[in-house]
Structures are given as C-alpha cells and as structure tokens.
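Report on the structure given below.
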Amino acid sequence: MSSAAPHVTGQDHVGPDHLWSVDEHLEDILATVRPLEPIELHLLDAQGCVLVEDITVPVSLPPFDNSSMDGYAVRVADVAGASEEFPAALEVVGDVAAGQAELLHVGPGQAARIMTGAPLPPGAETVVPVEWTDGGLGEGPVRGMRARSLGPEGATGHVHVYRPAEARAHVRAKGSDVKAGDRALEAGTILGPPQIGLLAAIGRGTVRVRPRPRVVVLSTGSELVPPDTELGTGQIYDSNSFALTAAARDAGAIAYRVGAVADDAETLRSTIEDQLVRADLMVTTGGVSVGAYDVVKEALSHVGDEDEAGSGIDFRKLAMQPGKPQGFGSIGPDHTPLLALPGNPVSSYVSFELFVRPAIRALMGLPDVHRPTTRATLAADKALTSPKGRRQFLRGTYADGKVTPVGGAGSHLVAALAHADALITVPEDTESVEPGTEVDVVLLGR
C-alpha cells in the first residue's frame, strides 16, 4: 500500500459547483498520491520497478583480462614479422578454456590455444585469431578449431602463425566495461532487461525497489457485456476495462481487470470493497455524470461517512473536453486512492492519460510522471473549433513536426482513437485553430 494515507484536499476548500481546471485536478491527485514503500526483490521480480538506491560495482567487469577471440595466446616478439611465406612456428603448451581454474604459463616460443572469454594466461601478451593460423594442422590457414572431443591433439604440438599481432590485440582488459567502485545504476532507474543483466553481471541477486503499483480497473453499466458474447438488445461490448487495464500495464502497473458491474449501487460498493485487498489504486469507468443510473456517484459520494476519517470520493466537473465529469478520493481502511472516470471510450482514455497514468508513475516514485509534449504544426483541411472555457484534447497522428487530426471531437469515436498517437491540446481561451498554426501536442506511447 502507499506510504502515506491519501487525503482528499480538493473537496475541503471548494463548493460543489466549482469548475475545476485540468491542472487543478491533476495537482490535487499528485499532492495526494505517495510513492509506494520500497521492498527487496529478486532480479526477475524487480523487472519494471524503480530503484531506490544507487548501485555501486563491487567487482570489475570483466573481472580479468580475457580473450575476445578463439585463437592462440602468444608473446608479441614470437609473432613479429610472421607471414604466410615465413610463418612463426610455436610450441602449443595446452588449452585455456573459459572457467578454467589453473592457467598455463606461456614462455618464449610457446602458444596456448585459448577460447573466447578465457583468461589471458601468464606470460602471454596478445591473442592471434585461429583464422591467422594453421590450427596446428600444417595445411595453411584454417577457419576454426575442431571440437576438443574430436581432436584432443589440437592442444599440443605446433602451430604456424601467419600474421603478427600488436600487444593486447583481441584482449578485453579487466575493468574495460565497468570498474569496481563505479556507479552502475542510479536511484530512480526503471529496471528493464539490460539493467537486470548488468545487476546479475556484477553479482547482485536482489535489489531494493519501489514495487509496481497494483491497479484494479472496473467498468460499470448494465448494458456492458464481455467480448465473444452475443449482443442482446441495447447491449454493447465492454471495451473500456480492456483499454484501461492495458494502459495501466503500459504505464508500469500490475493491472487487474474486473468484469463490468451492473447499475446497482450496493453491488458496485461490494465489488470495490472486495477488490481493495489487491489494489494500490482503484480506477472505475462510467457512472460519474448526472443521469439517474450513474451509480458510481450514488455508491461512493458518501463513502466517507462509513469509512475512516480522511476517506471519501469527490465528484467534480472539469473545464475540459472530453472528460468533464471526474471523481477522485480514497476508499477503505488503507485509504486506497480511487479515480472515477467517465464512461465514453474516448473520455475514459483521455482521462486515463491525463490523470491516472501520472498517478501510477507517482506511486512508482518516478520524478517525471508525464508523457512527453512538443509543439507541432496543425495539418488539417479546415479550422478546428473548440468550446470556450474548455481545454480540448483531440486525437491526432504526429510525424515530422506536424500533427493531423484523426476522427472528430465525439467522445464515442473509439475507432479514431485506435489510430491516434498524439493528443492535440486546444487551450481554454481558444475557440478556433487554423491550419498551419503551431499547437501543443501530447505524444502517446513514448
């Protein structure tokens, strides 16, 4: 659970008719949500989590000088001037394989057959690739070594070297990747596959991180049925819970989807209470407007009357389109944050991007919780219109400094949303945007 009990700040100082700005609502959310407490996790369990400490390298990488090629470890002087016409003939004193504990000593006129990753043996100064030699066969340059099981005699005898090698050629120096005492990873790093690989390489089996938040997504509406179900009269498929669960996972959360709940306040409250045990954040979609069947407001408007002090959900009107009706607060004994989003597909998804995604990133302890933004030139056939006093977010596609609207302004246009990779932002004081005008753009999926 979160490290500090959320407290609904907004409803303490504004009236029910207050029209919240997008920025006010987001600031209230981010002032309430606190990063999750750090825990120690095994490496693979820590994937996607955020480090809470700097990681110092305890042992250099590589930990010893080793060969980057299959070939022969030799002294530089012994192969100086070597050519195909006048090869250097060296005595092979044995093999040096990766993981070998006891190393051979290479003296004057000697060579040790060495494998990639094997330690450079004492006395050797460089490595000549096997392709520069006859592989001990006396028949001119070879392409590779025979497997030891098929030709054990290759570890003895003589080898002819046809090219000279400079000192430490094909040798990976100790500490050439990172040195003991270096900082391998900084606190705040999200652990992906390369970072987990580095931690394993320096010997770390566990790491202290903030865990990925557990987000429960729940949609409401008696008209909703799951995909792969035959539609009845007046029914539609529940797309919101799938889109928002996927979006929560994309944001870094462990997300759980709950099947649509019918328009019954008691059933909804019971379902939410049952889900709190596995939630660091609750997200509902639908039922937050002013209709007679908007059960989220009915079920949760007075939840603070029965829960511990500090809990409660505040339902608000925001100066934005789409997504005017919103709800935010906390619920349950652990004061789990809850964001109630509108039910129209575009409204719910835009609301997720603007409010829920930053909340998830804040729970993870990330310093930057926002999608990247940029300025772009509007590429459109006609001017865009926007309601005065509302900040409008239109779907668009962004490329090469230009953004093109996709679909209309309707909050039900889920097909257009599927083709968008950006949100075009039209400010509250702007009612029309002409083609060729520079606009602010939120870049999705980046």
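In the structure tokens, chains take letters A, B, ... by order of appearance, with residues numbered from 1 within each chain and ligands from 1 in the order shown.
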
Among segment 31-186 of chain A, which ones does DSSP assign to strand (DSSP E) (computed from the backbone)? Answer as a short mmCIF file (atom, residue, chain, number, x, y, z; two decimals) with all heavy atoms, in the first residue's frame.
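Result file is states.cif:
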data_model
loop_
_atom_site.label_atom_id
_atom_site.label_comp_id
_atom_site.auth_asym_id
_atom_site.auth_seq_id
_atom_site.Cartn_x
_atom_site.Cartn_y
_atom_site.Cartn_z
N ILE A 39 10.77 -2.20 -1.27
CA ILE A 39 10.93 -3.58 -0.83
C ILE A 39 12.12 -4.19 -1.55
O ILE A 39 12.58 -3.68 -2.57
CB ILE A 39 9.67 -4.44 -1.11
CG1 ILE A 39 9.33 -4.44 -2.61
CG2 ILE A 39 8.48 -3.95 -0.29
CD1 ILE A 39 8.16 -5.35 -2.97
N GLU A 40 12.63 -5.30 -1.00
CA GLU A 40 13.75 -6.03 -1.61
C GLU A 40 13.17 -7.14 -2.48
O GLU A 40 12.37 -7.95 -2.02
CB GLU A 40 14.65 -6.62 -0.52
CG GLU A 40 15.98 -7.15 -1.04
CD GLU A 40 17.05 -6.08 -1.18
OE1 GLU A 40 16.82 -4.95 -0.68
OE2 GLU A 40 18.09 -6.37 -1.78
N LEU A 41 13.57 -7.18 -3.75
CA LEU A 41 13.05 -8.18 -4.67
C LEU A 41 14.19 -8.88 -5.40
O LEU A 41 15.25 -8.30 -5.63
CB LEU A 41 12.14 -7.53 -5.72
CG LEU A 41 10.78 -7.00 -5.25
CD1 LEU A 41 10.05 -6.34 -6.42
CD2 LEU A 41 9.93 -8.10 -4.64
N HIS A 42 13.96 -10.15 -5.76
CA HIS A 42 14.88 -10.85 -6.64
C HIS A 42 14.85 -10.19 -8.02
O HIS A 42 13.85 -9.55 -8.40
CB HIS A 42 14.51 -12.33 -6.74
CG HIS A 42 14.74 -13.09 -5.46
ND1 HIS A 42 16.00 -13.42 -5.02
CD2 HIS A 42 13.87 -13.55 -4.53
CE1 HIS A 42 15.91 -14.06 -3.88
NE2 HIS A 42 14.62 -14.16 -3.54
N VAL A 50 11.28 0.50 -9.91
CA VAL A 50 12.18 1.66 -9.86
C VAL A 50 13.15 1.51 -8.70
O VAL A 50 12.75 1.28 -7.56
CB VAL A 50 11.37 2.96 -9.70
CG1 VAL A 50 12.30 4.16 -9.59
CG2 VAL A 50 10.42 3.14 -10.87
N LEU A 51 14.43 1.64 -9.01
CA LEU A 51 15.47 1.57 -7.97
C LEU A 51 15.32 2.70 -6.97
O LEU A 51 14.98 3.83 -7.34
CB LEU A 51 16.86 1.69 -8.62
CG LEU A 51 17.55 0.45 -9.16
CD1 LEU A 51 18.86 0.86 -9.80
CD2 LEU A 51 17.79 -0.57 -8.06
N ILE A 55 23.49 1.88 -7.24
CA ILE A 55 24.15 0.58 -7.23
C ILE A 55 25.62 0.79 -7.58
O ILE A 55 25.95 1.30 -8.65
CB ILE A 55 23.51 -0.38 -8.24
CG1 ILE A 55 22.02 -0.58 -7.92
CG2 ILE A 55 24.24 -1.72 -8.22
CD1 ILE A 55 21.74 -1.23 -6.59
N THR A 56 26.50 0.39 -6.67
CA THR A 56 27.95 0.51 -6.88
C THR A 56 28.50 -0.84 -7.31
O THR A 56 28.11 -1.89 -6.79
CB THR A 56 28.64 0.96 -5.59
OG1 THR A 56 28.09 2.22 -5.19
CG2 THR A 56 30.14 1.12 -5.80
N ASN A 66 40.74 -11.05 -20.63
CA ASN A 66 40.30 -12.28 -21.31
C ASN A 66 40.27 -12.10 -22.81
O ASN A 66 40.27 -10.97 -23.32
CB ASN A 66 38.95 -12.73 -20.77
CG ASN A 66 37.83 -11.79 -21.17
OD1 ASN A 66 37.19 -11.96 -22.21
ND2 ASN A 66 37.58 -10.78 -20.34
N SER A 67 40.25 -13.21 -23.49
CA SER A 67 40.31 -13.20 -24.94
C SER A 67 38.94 -12.89 -25.55
O SER A 67 37.92 -13.40 -25.10
CB SER A 67 40.80 -14.55 -25.46
OG SER A 67 40.79 -14.57 -26.88
N GLY A 71 41.52 -18.50 -30.46
CA GLY A 71 42.81 -18.40 -31.13
C GLY A 71 43.94 -18.92 -30.27
O GLY A 71 43.78 -19.92 -29.55
N TYR A 72 45.06 -18.17 -30.29
CA TYR A 72 46.24 -18.59 -29.55
C TYR A 72 46.80 -17.40 -28.77
O TYR A 72 46.95 -16.30 -29.32
CB TYR A 72 47.30 -19.15 -30.50
CG TYR A 72 46.91 -20.47 -31.11
CD1 TYR A 72 46.12 -20.50 -32.25
CD2 TYR A 72 47.29 -21.69 -30.53
CE1 TYR A 72 45.73 -21.72 -32.82
CE2 TYR A 72 46.91 -22.90 -31.08
CZ TYR A 72 46.12 -22.91 -32.20
OH TYR A 72 45.73 -24.12 -32.75
N ALA A 73 47.06 -17.64 -27.49
CA ALA A 73 47.70 -16.63 -26.66
C ALA A 73 49.21 -16.76 -26.82
O ALA A 73 49.77 -17.85 -26.61
CB ALA A 73 47.30 -16.83 -25.20
N VAL A 74 49.87 -15.65 -27.19
CA VAL A 74 51.29 -15.71 -27.53
C VAL A 74 52.01 -14.47 -26.99
O VAL A 74 51.38 -13.54 -26.49
CB VAL A 74 51.49 -15.78 -29.06
CG1 VAL A 74 50.82 -17.01 -29.64
CG2 VAL A 74 50.95 -14.51 -29.74
N ALA A 88 55.44 -17.95 -38.20
CA ALA A 88 56.09 -18.23 -36.93
C ALA A 88 55.63 -19.59 -36.44
O ALA A 88 54.42 -19.85 -36.37
CB ALA A 88 55.72 -17.15 -35.91
N ALA A 89 56.57 -20.47 -36.11
CA ALA A 89 56.25 -21.81 -35.61
C ALA A 89 56.40 -21.81 -34.09
O ALA A 89 57.48 -21.55 -33.57
CB ALA A 89 57.17 -22.84 -36.25
N LEU A 90 55.29 -22.10 -33.38
CA LEU A 90 55.29 -22.06 -31.93
C LEU A 90 54.84 -23.39 -31.36
O LEU A 90 54.02 -24.11 -31.94
CB LEU A 90 54.34 -20.95 -31.42
CG LEU A 90 54.61 -19.53 -31.96
CD1 LEU A 90 53.54 -18.58 -31.45
CD2 LEU A 90 56.00 -19.06 -31.54
N GLU A 91 55.40 -23.71 -30.17
CA GLU A 91 55.01 -24.93 -29.47
C GLU A 91 53.70 -24.68 -28.71
O GLU A 91 53.58 -23.71 -27.97
CB GLU A 91 56.10 -25.32 -28.46
CG GLU A 91 55.73 -26.55 -27.64
CD GLU A 91 56.70 -26.77 -26.49
OE1 GLU A 91 57.62 -25.94 -26.30
OE2 GLU A 91 56.52 -27.77 -25.76
N VAL A 92 52.71 -25.54 -28.91
CA VAL A 92 51.43 -25.43 -28.21
C VAL A 92 51.53 -26.15 -26.88
O VAL A 92 51.79 -27.36 -26.84
CB VAL A 92 50.28 -26.01 -29.05
CG1 VAL A 92 48.94 -25.87 -28.30
CG2 VAL A 92 50.18 -25.29 -30.40
N VAL A 93 51.33 -25.39 -25.79
CA VAL A 93 51.53 -25.97 -24.46
C VAL A 93 50.23 -26.41 -23.80
O VAL A 93 50.25 -26.92 -22.67
CB VAL A 93 52.28 -24.98 -23.55
CG1 VAL A 93 53.69 -24.73 -24.07
CG2 VAL A 93 51.52 -23.67 -23.42
N GLY A 94 49.11 -26.21 -24.47
CA GLY A 94 47.84 -26.66 -23.89
C GLY A 94 46.70 -25.70 -24.20
O GLY A 94 46.87 -24.72 -24.93
N ASP A 95 45.55 -25.99 -23.62
CA ASP A 95 44.34 -25.18 -23.82
C ASP A 95 44.06 -24.30 -22.61
O ASP A 95 44.35 -24.67 -21.47
CB ASP A 95 43.12 -26.09 -24.02
CG ASP A 95 43.05 -26.63 -25.45
OD1 ASP A 95 43.80 -26.15 -26.31
OD2 ASP A 95 42.21 -27.53 -25.70
N VAL A 96 43.47 -23.13 -22.90
CA VAL A 96 42.92 -22.27 -21.85
C VAL A 96 41.45 -22.05 -22.21
O VAL A 96 41.13 -21.37 -23.19
CB VAL A 96 43.64 -20.92 -21.76
CG1 VAL A 96 43.07 -20.10 -20.60
CG2 VAL A 96 45.13 -21.12 -21.59
N GLN A 110 56.37 -20.20 -27.29
CA GLN A 110 55.22 -21.04 -26.95
C GLN A 110 53.90 -20.32 -27.25
O GLN A 110 53.85 -19.11 -27.41
CB GLN A 110 55.26 -21.42 -25.47
CG GLN A 110 56.43 -22.31 -25.09
CD GLN A 110 56.44 -22.66 -23.62
OE1 GLN A 110 55.93 -21.89 -22.78
NE2 GLN A 110 57.01 -23.82 -23.29
N ALA A 111 52.83 -21.11 -27.31
CA ALA A 111 51.48 -20.59 -27.50
C ALA A 111 50.50 -21.46 -26.73
O ALA A 111 50.74 -22.66 -26.56
CB ALA A 111 51.10 -20.57 -28.98
N ALA A 112 49.45 -20.86 -26.25
CA ALA A 112 48.38 -21.62 -25.60
C ALA A 112 47.11 -21.43 -26.42
O ALA A 112 46.75 -20.29 -26.75
CB ALA A 112 48.16 -21.15 -24.17
N ARG A 113 46.47 -22.52 -26.79
CA ARG A 113 45.20 -22.40 -27.51
C ARG A 113 44.15 -21.84 -26.53
O ARG A 113 43.97 -22.38 -25.44
CB ARG A 113 44.76 -23.77 -28.03
CG ARG A 113 43.67 -23.69 -29.09
CD ARG A 113 43.46 -24.99 -29.81
NE ARG A 113 42.97 -26.05 -28.93
CZ ARG A 113 42.39 -27.17 -29.37
NH1 ARG A 113 42.27 -27.37 -30.68
NH2 ARG A 113 41.98 -28.09 -28.52
N ILE A 114 43.51 -20.74 -26.91
CA ILE A 114 42.62 -20.03 -25.99
C ILE A 114 41.24 -19.85 -26.60
O ILE A 114 41.09 -19.69 -27.81
CB ILE A 114 43.24 -18.66 -25.60
CG1 ILE A 114 42.50 -18.04 -24.41
CG2 ILE A 114 43.28 -17.71 -26.79
CD1 ILE A 114 43.23 -16.84 -23.81
N THR A 126 49.32 -11.17 -26.09
CA THR A 126 48.35 -10.87 -27.13
C THR A 126 47.67 -12.16 -27.57
O THR A 126 48.08 -13.26 -27.16
CB THR A 126 49.03 -10.17 -28.33
OG1 THR A 126 48.04 -9.70 -29.25
CG2 THR A 126 49.97 -11.11 -29.05
N VAL A 127 46.65 -12.02 -28.41
CA VAL A 127 45.94 -13.19 -28.93
C VAL A 127 45.88 -13.07 -30.45
O VAL A 127 45.53 -12.02 -31.00
CB VAL A 127 44.50 -13.28 -28.36
CG1 VAL A 127 43.71 -14.39 -29.06
CG2 VAL A 127 44.54 -13.53 -26.86
N VAL A 128 46.26 -14.16 -31.13
CA VAL A 128 46.09 -14.21 -32.58
C VAL A 128 44.88 -15.08 -32.88
O VAL A 128 44.76 -16.19 -32.34
CB VAL A 128 47.34 -14.75 -33.29
CG1 VAL A 128 48.48 -13.76 -33.17
CG2 VAL A 128 47.78 -16.10 -32.76
N PRO A 129 43.91 -14.59 -33.69
CA PRO A 129 42.74 -15.40 -34.02
C PRO A 129 43.14 -16.69 -34.71
O PRO A 129 44.15 -16.75 -35.43
CB PRO A 129 41.93 -14.50 -34.95
CG PRO A 129 42.42 -13.12 -34.66
CD PRO A 129 43.86 -13.26 -34.30
N HIS A 158 52.50 -28.22 -32.56
CA HIS A 158 52.98 -26.92 -33.00
C HIS A 158 51.90 -26.23 -33.83
O HIS A 158 51.04 -26.89 -34.43
CB HIS A 158 54.26 -27.05 -33.83
CG HIS A 158 55.45 -27.44 -33.02
ND1 HIS A 158 55.70 -28.74 -32.62
CD2 HIS A 158 56.47 -26.67 -32.52
CE1 HIS A 158 56.82 -28.78 -31.90
NE2 HIS A 158 57.31 -27.54 -31.83
N VAL A 159 51.97 -24.91 -33.85
CA VAL A 159 51.04 -24.12 -34.64
C VAL A 159 51.85 -23.11 -35.44
O VAL A 159 52.86 -22.57 -34.96
CB VAL A 159 49.99 -23.41 -33.76
CG1 VAL A 159 50.64 -22.40 -32.83
CG2 VAL A 159 48.93 -22.74 -34.62
N HIS A 160 51.43 -22.87 -36.68
CA HIS A 160 52.05 -21.87 -37.52
C HIS A 160 51.16 -20.63 -37.56
O HIS A 160 49.95 -20.72 -37.82
CB HIS A 160 52.26 -22.39 -38.95
CG HIS A 160 53.32 -23.43 -39.02
ND1 HIS A 160 53.09 -24.78 -38.84
CD2 HIS A 160 54.66 -23.32 -39.26
CE1 HIS A 160 54.21 -25.47 -38.95
NE2 HIS A 160 55.20 -24.60 -39.21
N VAL A 161 51.78 -19.48 -37.26
CA VAL A 161 51.06 -18.20 -37.23
C VAL A 161 51.48 -17.39 -38.44
O VAL A 161 52.68 -17.19 -38.67
CB VAL A 161 51.37 -17.43 -35.93
CG1 VAL A 161 50.65 -16.09 -35.90
CG2 VAL A 161 50.99 -18.26 -34.71
N VAL A 171 42.26 -8.67 -26.78
CA VAL A 171 42.20 -8.90 -25.33
C VAL A 171 41.24 -7.88 -24.72
O VAL A 171 41.39 -6.67 -24.93
CB VAL A 171 43.60 -8.76 -24.68
CG1 VAL A 171 43.48 -8.86 -23.16
CG2 VAL A 171 44.53 -9.82 -25.22
N ARG A 172 40.25 -8.37 -23.98
CA ARG A 172 39.34 -7.48 -23.26
C ARG A 172 39.93 -7.22 -21.88
O ARG A 172 40.07 -8.14 -21.07
CB ARG A 172 37.96 -8.13 -23.15
CG ARG A 172 37.31 -8.33 -24.52
CD ARG A 172 35.91 -8.89 -24.43
NE ARG A 172 35.88 -10.28 -24.02
CZ ARG A 172 35.04 -11.20 -24.51
NH1 ARG A 172 34.16 -10.86 -25.45
NH2 ARG A 172 35.05 -12.44 -24.07
N ARG A 183 29.64 3.70 -10.25
CA ARG A 183 28.20 3.64 -10.05
C ARG A 183 27.59 2.99 -11.28
O ARG A 183 27.66 3.52 -12.38
CB ARG A 183 27.62 5.03 -9.84
CG ARG A 183 26.12 5.02 -9.56
CD ARG A 183 25.63 6.35 -9.03
NE ARG A 183 25.95 7.44 -9.94
CZ ARG A 183 25.72 8.73 -9.68
NH1 ARG A 183 25.22 9.07 -8.51
NH2 ARG A 183 26.03 9.66 -10.55
N ALA A 184 27.00 1.84 -11.08
CA ALA A 184 26.43 1.09 -12.19
C ALA A 184 25.08 1.64 -12.60
O ALA A 184 24.80 1.84 -13.79
CB ALA A 184 26.30 -0.39 -11.82
N LEU A 185 24.20 1.88 -11.62
CA LEU A 185 22.86 2.39 -11.88
C LEU A 185 22.49 3.41 -10.82
O LEU A 185 22.88 3.28 -9.65
CB LEU A 185 21.83 1.24 -11.87
CG LEU A 185 21.97 0.17 -12.94
CD1 LEU A 185 21.02 -0.99 -12.66
CD2 LEU A 185 21.71 0.74 -14.33
#

(message) Residues near Arg212 of chain A, anyone? I mean within 7 Å using only C-alpha atoms, not counting same-chain ones fewer than 3 positions away, as a ChimeraX atom specification.
(response) /A:48-49,252-254,364

Residues as selected, C-alpha atoms, written as a compact mmCIF listing (two decimals), in the first residue's frame, can you do that?
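Result file follows (out_7.txt):
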# COMPACT_ATOMS: atom_id res chain seq x y z
CA GLY A 48 9.70 -2.78 -14.37
CA CYS A 49 10.31 -1.50 -10.85
CA GLY A 252 4.21 0.20 -15.45
CA ALA A 253 1.50 -1.18 -13.17
CA ILE A 254 0.36 -4.69 -12.37
CA MET A 364 6.31 4.14 -8.66

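Candidate residues A:Gly329, A:Val59, A:Ala418, A:Ala251 were compared for distance to Ala180 of chain A, and the nearest is A:Val59, using only C-alpha atoms.
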
For a test of reading the model, state the distance in Å between atom CA of Arg316 of chain A and atom CA of Ser270 of chain A, rounded to one decimal.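 Answer for the atom CA of Arg316 of chain A to atom CA of Ser270 of chain A separation: 23.2 Å.
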
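Pairwise distance (atom CA of Lys174 of chain A, atom CA of Ala46 of chain A) equals 28.7 Å.
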